[in-house]
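Structure file coords.cif with mmCIF, C-alpha atoms:
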data_model
#
loop_
_atom_site.label_atom_id
_atom_site.label_comp_id
_atom_site.auth_asym_id
_atom_site.auth_seq_id
_atom_site.Cartn_x
_atom_site.Cartn_y
_atom_site.Cartn_z
CA ARG A 913 -21.53 -5.37 -30.93
CA PRO A 914 -18.78 -6.12 -31.34
CA LEU A 915 -17.94 -2.72 -32.88
CA PRO A 916 -14.74 -3.13 -34.90
CA GLN A 917 -14.30 0.65 -35.33
CA TYR A 918 -13.41 0.95 -31.62
CA GLY A 919 -10.24 -0.23 -29.98
CA GLN A 920 -9.76 0.07 -26.26
CA ILE A 921 -12.52 1.88 -24.32
CA THR A 922 -11.61 3.27 -20.92
CA ILE A 923 -14.20 4.04 -18.24
CA ARG A 924 -13.24 6.17 -15.23
CA GLU A 925 -15.36 6.10 -12.10
CA SER A 926 -15.13 6.94 -8.42
CA SER A 927 -14.84 3.39 -7.17
CA GLY A 928 -11.45 3.39 -5.46
CA ARG A 929 -11.08 1.59 -2.16
CA SER A 930 -8.77 2.58 0.68
CA LEU A 931 -8.18 1.89 4.37
CA TYR A 932 -5.89 3.75 6.77
CA ARG A 933 -5.14 2.52 10.27
CA GLY A 934 -2.69 4.20 12.60
CA LEU A 935 -1.55 4.43 16.19
CA THR A 936 0.04 7.70 17.34
CA LEU A 937 1.99 8.12 20.59
CA ASN A 938 3.34 11.45 21.78
CA SER A 939 4.90 12.91 24.86
CA ARG A 940 5.98 16.41 25.92
CA TYR A 941 8.15 17.70 28.76
CA ASN A 942 8.35 21.31 29.95
CA ALA A 943 10.72 22.61 32.63
CA SER A 944 9.68 26.25 33.15
CA LYS A 945 11.33 28.31 30.41
CA ARG A 946 14.65 26.49 30.41
CA ILE A 947 13.83 23.46 28.29
CA GLN A 948 10.99 21.96 26.29
CA PHE A 949 11.11 18.53 24.71
CA GLY A 950 8.62 16.47 22.72
CA VAL A 951 8.46 13.23 20.74
CA GLN A 952 5.85 11.70 18.46
CA TYR A 953 5.67 8.29 16.82
CA THR A 954 3.08 6.92 14.40
CA LEU A 955 2.70 3.29 13.43
CA ALA A 956 0.35 3.00 10.47
CA THR A 957 -0.73 1.01 7.44
CA ASN A 958 -2.37 2.45 4.35
CA TYR A 959 -4.14 0.16 1.86
CA SER A 960 -5.76 1.01 -1.46
CA ASP A 961 -6.45 -0.38 -4.91
CA ASP A 962 -5.59 2.81 -6.82
CA ASP A 963 -3.38 5.84 -6.13
CA ASN A 964 -3.81 7.81 -9.37
CA GLU A 965 -6.43 10.30 -8.25
CA ARG A 966 -5.31 13.18 -10.47
CA THR A 967 -3.86 11.30 -13.43
CA ALA A 968 -6.06 11.57 -16.51
CA THR A 969 -4.62 8.59 -18.40
CA GLY A 970 -2.38 6.94 -15.81
CA TYR A 971 -3.58 3.63 -14.49
CA GLY A 972 -1.24 0.79 -13.68
CA TYR A 973 -3.38 -2.24 -12.88
CA ASP A 974 -1.82 -5.60 -13.57
CA ASN A 975 -4.89 -7.33 -14.99
CA VAL A 976 -8.02 -5.51 -16.14
CA TYR A 977 -10.02 -8.69 -15.51
CA ASN A 978 -8.90 -9.01 -11.89
CA LEU A 979 -8.98 -5.60 -10.22
CA LYS A 980 -9.48 -7.17 -6.78
CA ALA A 981 -5.84 -8.18 -6.89
CA GLU A 982 -4.91 -4.49 -6.91
CA TYR A 983 -5.89 -4.06 -3.26
CA GLY A 984 -2.75 -3.87 -1.17
CA TYR A 985 -0.29 -1.41 0.30
CA SER A 986 -0.85 2.11 -0.98
CA SER A 987 1.97 3.89 -2.78
CA ILE A 988 1.96 6.44 0.07
CA ASP A 989 2.05 3.85 2.86
CA ILE A 990 4.63 4.83 5.50
CA ARG A 991 4.83 2.25 8.28
CA HIS A 992 6.94 4.16 10.80
CA ASN A 993 7.04 7.93 11.29
CA PHE A 994 9.03 9.54 14.11
CA SER A 995 9.67 13.17 15.01
CA SER A 996 11.05 15.01 18.02
CA TYR A 997 11.94 18.55 18.99
CA ALA A 998 13.79 20.35 21.77
CA VAL A 999 14.08 24.00 22.78
CA THR A 1000 16.42 25.24 25.50
CA THR A 1001 17.94 28.49 26.73
CA LEU A 1002 21.67 28.41 27.41
CA PRO A 1003 23.75 30.85 29.44
CA MET A 1004 24.20 34.34 27.97
CA GLY A 1005 20.65 34.18 26.62
CA ILE A 1006 21.44 31.87 23.69
CA GLU A 1007 18.37 29.94 22.54
CA VAL A 1008 18.90 26.57 20.83
CA SER A 1009 16.20 24.50 19.14
CA GLY A 1010 16.31 21.37 17.03
CA ILE A 1011 14.12 18.92 15.17
CA PHE A 1012 14.77 15.30 14.26
CA ARG A 1013 12.54 13.53 11.73
CA ALA A 1014 12.69 10.00 10.36
CA ASN A 1015 10.33 7.71 8.49
CA SER A 1016 10.47 4.33 6.80
CA GLY A 1017 10.36 3.94 3.03
CA GLN A 1018 7.31 3.89 0.79
CA PRO A 1019 6.39 0.87 -1.36
CA ILE A 1020 7.83 -0.02 -4.76
CA ASP A 1021 5.74 -1.92 -7.31
CA PRO A 1022 7.81 -4.64 -9.06
CA SER A 1023 7.18 -4.05 -12.76
CA ALA A 1024 7.79 -6.91 -15.17
CA GLY A 1025 8.73 -4.62 -18.05
CA SER A 1026 6.63 -6.67 -20.48
CA ASP A 1027 3.01 -7.63 -21.14
CA LEU A 1028 3.09 -11.04 -19.48
CA ASN A 1029 -0.66 -11.63 -19.32
CA GLY A 1030 -1.29 -10.44 -22.88
CA ASP A 1031 -4.13 -8.06 -22.04
CA THR A 1032 -2.44 -5.26 -24.07
CA ALA A 1033 -4.05 -2.71 -21.77
CA SER A 1034 -2.39 0.04 -19.77
CA GLY A 1035 -2.61 3.79 -19.49
CA TYR A 1036 1.20 3.91 -19.43
CA SER A 1037 2.31 1.32 -21.92
CA ALA A 1038 0.68 -1.90 -23.04
CA SER A 1039 3.99 -3.69 -22.79
CA GLN A 1040 5.03 -2.58 -19.31
CA ASN A 1041 2.06 -2.59 -16.95
CA ASP A 1042 2.30 -6.13 -15.60
CA ARG A 1043 3.97 -7.19 -12.37
CA ALA A 1044 6.75 -9.69 -12.02
CA PHE A 1045 6.05 -13.25 -10.91
CA GLN A 1046 7.58 -14.58 -7.69
CA ALA A 1047 6.66 -18.15 -8.67
CA PRO A 1048 4.92 -19.78 -11.65
CA GLY A 1049 1.34 -18.49 -11.70
CA VAL A 1050 1.92 -16.25 -8.66
CA PRO A 1051 2.62 -12.58 -9.41
CA PHE A 1052 4.07 -10.30 -6.77
CA ALA A 1053 1.49 -8.38 -4.78
CA ARG A 1054 1.04 -4.71 -5.60
CA ASN A 1055 3.74 -2.54 -3.99
CA TYR A 1056 5.54 -5.61 -2.68
CA PHE A 1057 8.97 -4.03 -2.12
CA ARG A 1058 10.04 -1.11 0.10
CA ASN A 1059 12.04 1.98 -0.72
CA TYR A 1060 14.72 3.50 1.49
CA GLY A 1061 13.70 5.70 4.42
CA PHE A 1062 14.34 9.34 5.26
CA LYS A 1063 15.97 11.10 8.22
CA THR A 1064 17.17 14.60 8.96
CA VAL A 1065 18.26 16.85 11.83
CA ASP A 1066 17.66 20.61 11.74
CA ILE A 1067 19.01 23.00 14.39
CA ARG A 1068 18.77 26.72 15.16
CA PHE A 1069 20.80 29.11 17.34
CA MET A 1070 19.51 32.58 18.27
CA LYS A 1071 20.97 35.37 20.38
CA ASN A 1072 19.49 38.78 21.21
CA PHE A 1073 21.58 41.88 21.97
CA ASN A 1074 19.65 44.66 23.68
CA ILE A 1075 20.23 48.18 22.41
CA GLY A 1076 18.87 50.86 24.68
CA GLU A 1077 15.48 50.37 26.32
CA LYS A 1078 13.45 49.07 23.38
CA ALA A 1079 15.64 48.14 20.42
CA LYS A 1080 17.55 44.91 20.03
CA LEU A 1081 19.76 43.13 17.52
CA GLN A 1082 18.91 39.50 16.86
CA PHE A 1083 21.44 37.08 15.37
CA SER A 1084 20.36 33.63 14.17
CA THR A 1085 21.98 30.58 12.61
CA GLU A 1086 19.93 27.78 11.05
CA MET A 1087 21.33 24.49 9.81
CA PHE A 1088 19.30 22.00 7.79
CA ASN A 1089 20.24 18.31 7.50
CA LEU A 1090 23.00 18.96 10.03
CA PHE A 1091 24.67 15.55 9.58
CA ASN A 1092 24.32 15.62 5.79
CA PHE A 1093 22.32 12.40 5.49
CA ALA A 1094 22.22 11.34 1.83
CA ASN A 1095 18.50 10.39 1.81
CA VAL A 1096 18.77 8.88 -1.67
CA VAL A 1097 15.78 6.73 -2.59
CA ILE A 1098 14.81 4.64 -5.59
CA GLY A 1099 12.84 6.81 -7.89
CA PRO A 1100 10.94 8.11 -9.53
CA VAL A 1101 9.11 4.81 -9.04
CA THR A 1102 7.58 4.39 -12.48
CA ILE A 1103 7.46 1.56 -14.99
CA ASN A 1104 9.79 3.56 -17.23
CA ASN A 1105 12.56 3.73 -14.65
CA ALA A 1106 15.02 0.84 -14.98
CA ASN A 1107 15.53 0.82 -11.22
CA SER A 1108 11.84 -0.05 -10.75
CA VAL A 1109 11.74 -2.87 -13.32
CA TYR A 1110 12.14 -6.26 -11.67
CA GLY A 1111 11.87 -8.30 -14.85
CA PRO A 1112 9.44 -11.17 -15.55
CA GLY A 1113 10.48 -13.16 -12.48
CA VAL A 1114 9.58 -16.47 -14.18
CA CYS A 1115 10.76 -17.83 -17.52
CA PHE A 1116 7.97 -17.83 -20.09
CA ASP A 1117 10.06 -18.29 -23.22
CA THR A 1118 13.39 -20.13 -23.34
CA ALA A 1119 14.49 -17.90 -26.19
CA SER A 1120 14.71 -14.95 -23.79
CA CYS A 1121 15.53 -16.75 -20.52
CA THR A 1122 19.28 -16.81 -20.27
CA VAL A 1123 20.97 -16.09 -16.93
CA ASN A 1124 24.78 -15.99 -16.75
CA GLY A 1125 24.99 -17.83 -20.04
CA GLN A 1126 22.64 -20.61 -18.92
CA VAL A 1127 19.33 -21.17 -20.73
CA LEU A 1128 16.54 -21.77 -18.23
CA SER A 1129 13.54 -24.00 -18.75
CA VAL A 1130 10.02 -22.62 -18.95
CA GLY A 1131 8.66 -22.04 -15.44
CA SER A 1132 12.05 -21.44 -13.84
CA VAL A 1133 12.35 -18.51 -11.44
CA ILE A 1134 14.50 -15.67 -12.79
CA PRO A 1135 16.39 -13.39 -10.37
CA ALA A 1136 15.60 -9.70 -10.41
CA ARG A 1137 17.47 -7.53 -12.88
CA SER A 1138 20.75 -6.16 -11.61
CA THR A 1139 19.36 -2.62 -11.94
CA PHE A 1140 16.27 -3.28 -9.80
CA MET A 1141 16.44 -1.02 -6.72
CA GLN A 1142 20.03 -0.17 -7.65
CA LEU A 1143 21.28 2.53 -5.31
CA TYR A 1144 24.98 2.65 -6.29
CA ASN A 1145 26.83 2.27 -9.57
CA ALA A 1146 29.77 -0.08 -9.98
CA ASP A 1147 32.20 2.77 -9.22
CA GLY A 1148 30.46 3.50 -5.89
CA SER A 1149 28.68 6.65 -7.03
CA TYR A 1150 24.94 7.08 -6.64
CA ASN A 1151 22.81 5.91 -9.55
CA ARG A 1152 21.35 9.00 -11.20
CA ASN A 1153 18.04 7.28 -11.95
CA ASN A 1154 17.21 7.86 -8.30
CA ASN A 1155 16.04 10.86 -6.30
CA GLN A 1156 17.22 12.68 -3.20
CA LEU A 1157 14.63 13.53 -0.56
CA GLY A 1158 15.18 16.92 0.99
CA THR A 1159 18.50 18.68 0.54
CA PRO A 1160 22.14 18.18 1.50
CA PHE A 1161 23.51 20.14 4.45
CA GLN A 1162 22.58 23.81 4.24
CA ALA A 1163 23.13 26.76 6.60
CA GLN A 1164 21.77 30.27 6.68
CA PHE A 1165 22.60 33.23 8.89
CA GLY A 1166 20.36 36.12 9.78
CA LEU A 1167 20.71 39.50 11.44
CA ARG A 1168 17.60 41.41 12.43
CA PHE A 1169 17.24 44.84 14.01
CA ILE A 1170 14.05 45.18 16.07
CA PHE A 1171 12.93 48.58 17.30
#
Rewrite the structure of this file - the entire thing - as structure tokens.
Amino acid sequence: RPLPQYGQITIRESSGRSLYRGLTLNSRYNASKRIQFGVQYTLATNYSDDDNERTATGYGYDNVYNLKAEYGYSSIDIRHNFSSYAVTTLPMGIEVSGIFRANSGQPIDPSAGSDLNGDTASGYSASQNDRAFQAPGVPFARNYFRNYGFKTVDIRFMKNFNIGEKAKLQFSTEMFNLFNFANVVIGPVTINNANSVYGPGVCFDTASCTVNGQVLSVGSVIPARSTFMQLYNADGSYNRNNNQLGTPFQAQFGLRFIF
């Protein structure tokens, strides 16, 4: 050693660290067979230092020599999670049920888009694994920013028509995302998506640090790129680099003969 015939050597081991803490509250109300109602809320935090369990070559640490700095909010951390349901029977035997679900957004890691620390090491790209700096010498913490949340309302109507003594005809209507919530989020959150690239955050080279025609001095804080977490385009349309959670409003109708 050193062995010049080898370049980068990667070692994979089961040494990930994680911590989940949550508080769940729920309540349910039943009034004979006329109405049932329930709510559930979870307040939680999820920490980890790695979220790439099934990725063979995907690791996105900022600095291979300081893996302790990777410990922070997990990529699947959801702080608030709320759900509720209701079932009731209306006159004429019409049964109505509905579900409302909402949760806060998951974290976004602010990628610098360049190899700021010069370690030339990343499973994705040696020039894009580092995180942006929020101040000289102070990089953003892992998963520092938050994505947009999710909400939806689903509802179902059902009516039975008796035919004779045993048979019946059952009509149902189901509507998903009843209020047509957009549920557009920044994503996919990867270092290759322009909407996830914050930029260096701090000027390291005056030759490439020009903001609005002004050359900044080394060490100056640089605002995030205009495309970072960009939800809408200039014309008001949704940016197509993003994803939609769930589906737009959908409805389906069913007719079932039971005998």
Hey, can you check how far atom CA of A:Ala956 sits from atom CA of A:Phe1045?
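Straight-line distance from atom CA of A:Ala956 to atom CA of A:Phe1045 works out to 27.5 Å.
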Contacts of A:Thr1001 at 10 Å or less, counting all atoms listed in the file, minus same-chain residues fewer than 4 places along, as a ChimeraX atom specification?
/A:945-948,1005-1009,1069-1071
Filtering to C-alpha atoms, could you give me those residues as a PDB file, keeping the file's coordinate frame?
ATOM      1  CA  LYS A 945      11.330  28.310  30.410  1.00  0.00           C
ATOM      2  CA  ARG A 946      14.650  26.490  30.410  1.00  0.00           C
ATOM      3  CA  ILE A 947      13.830  23.460  28.290  1.00  0.00           C
ATOM      4  CA  GLN A 948      10.990  21.960  26.290  1.00  0.00           C
ATOM      5  CA  GLY A1005      20.650  34.180  26.620  1.00  0.00           C
ATOM      6  CA  ILE A1006      21.440  31.870  23.690  1.00  0.00           C
ATOM      7  CA  GLU A1007      18.370  29.940  22.540  1.00  0.00           C
ATOM      8  CA  VAL A1008      18.900  26.570  20.830  1.00  0.00           C
ATOM      9  CA  SER A1009      16.200  24.500  19.140  1.00  0.00           C
ATOM     10  CA  PHE A1069      20.800  29.110  17.340  1.00  0.00           C
ATOM     11  CA  MET A1070      19.510  32.580  18.270  1.00  0.00           C
ATOM     12  CA  LYS A1071      20.970  35.370  20.380  1.00  0.00           C
TER      13      LYS A1071
END
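For the set A:Phe1140, A:Tyr1110, A:Tyr1150, A:Phe1161, the residue with the smallest atom-to-atom gap to A:Asp1066 is A:Phe1161, counting only C-alpha atoms.
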Using all atoms listed in the file, find the one residue out of A:Pro1160, A:Gly1125, A:Gly972, A:Gly984 that sits nearest to A:Thr1064.
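Between A:Pro1160, A:Gly1125, A:Gly972, A:Gly984, the residue approaching A:Thr1064 most closely is A:Pro1160.
Distance check against A:Ile921 using all atoms listed in the file: of A:Phe994, A:Thr1000, A:Val976, A:Ala1044, the minimum falls on A:Val976.
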Kindly indicate which residue among A:Phe1073, A:Phe1052, A:Tyr997, A:Tyr918 lies nearest to A:Ala981, using all atoms listed in the file for the distances.
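Closest candidate: A:Phe1052.
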Name the residues in contact with stretch 1081-1097 of chain A at a cut-off of 7 Å, using all atoms listed in the file, excluding same-chain residues fewer than 5 positions from it; report them as an NGL selection string.
:A and (1059-1060 or 1062-1074 or 1154-1157 or 1160-1170)
Could you jot down the atom CA of A:Gly1148 to atom CA of A:Pro1100 separation for me, Å, one decimal place?
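Spanning atom CA of A:Gly1148 to atom CA of A:Pro1100 is a straight-line distance of 20.4 Å.
One distance worth recording is that between atom CA of A:Lys1078 and atom CA of A:Phe1171, which is 6.1 Å.
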Which of these, A:Gly1158, A:Gly1061, A:Gly1049, A:Gly1113, has the shortest distance to A:Ala1014 once you count all atoms listed in the file?
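Ranked by minimum distance to A:Ala1014, first place goes to A:Gly1061.
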Shell of 8 Å around A:Arg1058, all atoms listed in the file, local chain residues under 6 positions omitted, as a PyMOL selection string:
chain A and resi 1017-1020
Would you kindly return, as a VMD selection string, each protein, DNA or RNA residue with an atom no farther than 7 Å from any atom of A:Tyr932, considering only C-alpha atoms and excluding same-chain residues fewer than 5 positions away?
chain A and resid 957 to 959
Within 12 Å of (-6.9, -7.2, -10.9) in the file's own coordinates, which protein, DNA or RNA residues have an atom, counting only C-alpha atoms? List them as a PyMOL selection string.
chain A and resi 961-962+971-984+1029+1031+1041-1043+1051+1053-1054
Got a sec: who's within 12 Å of A:Gly950, counting all atoms listed in the file, leaving out chain neighbours fewer than 5 positions off, as a ChimeraX atom specification?
/A:937-943,994-999,1009-1012
Taking only C-alpha atoms into account, name the residue in A:Val1114, A:Val1123, A:Val1109, A:Ala1146 that is nearest to A:Pro1022.
A:Val1109
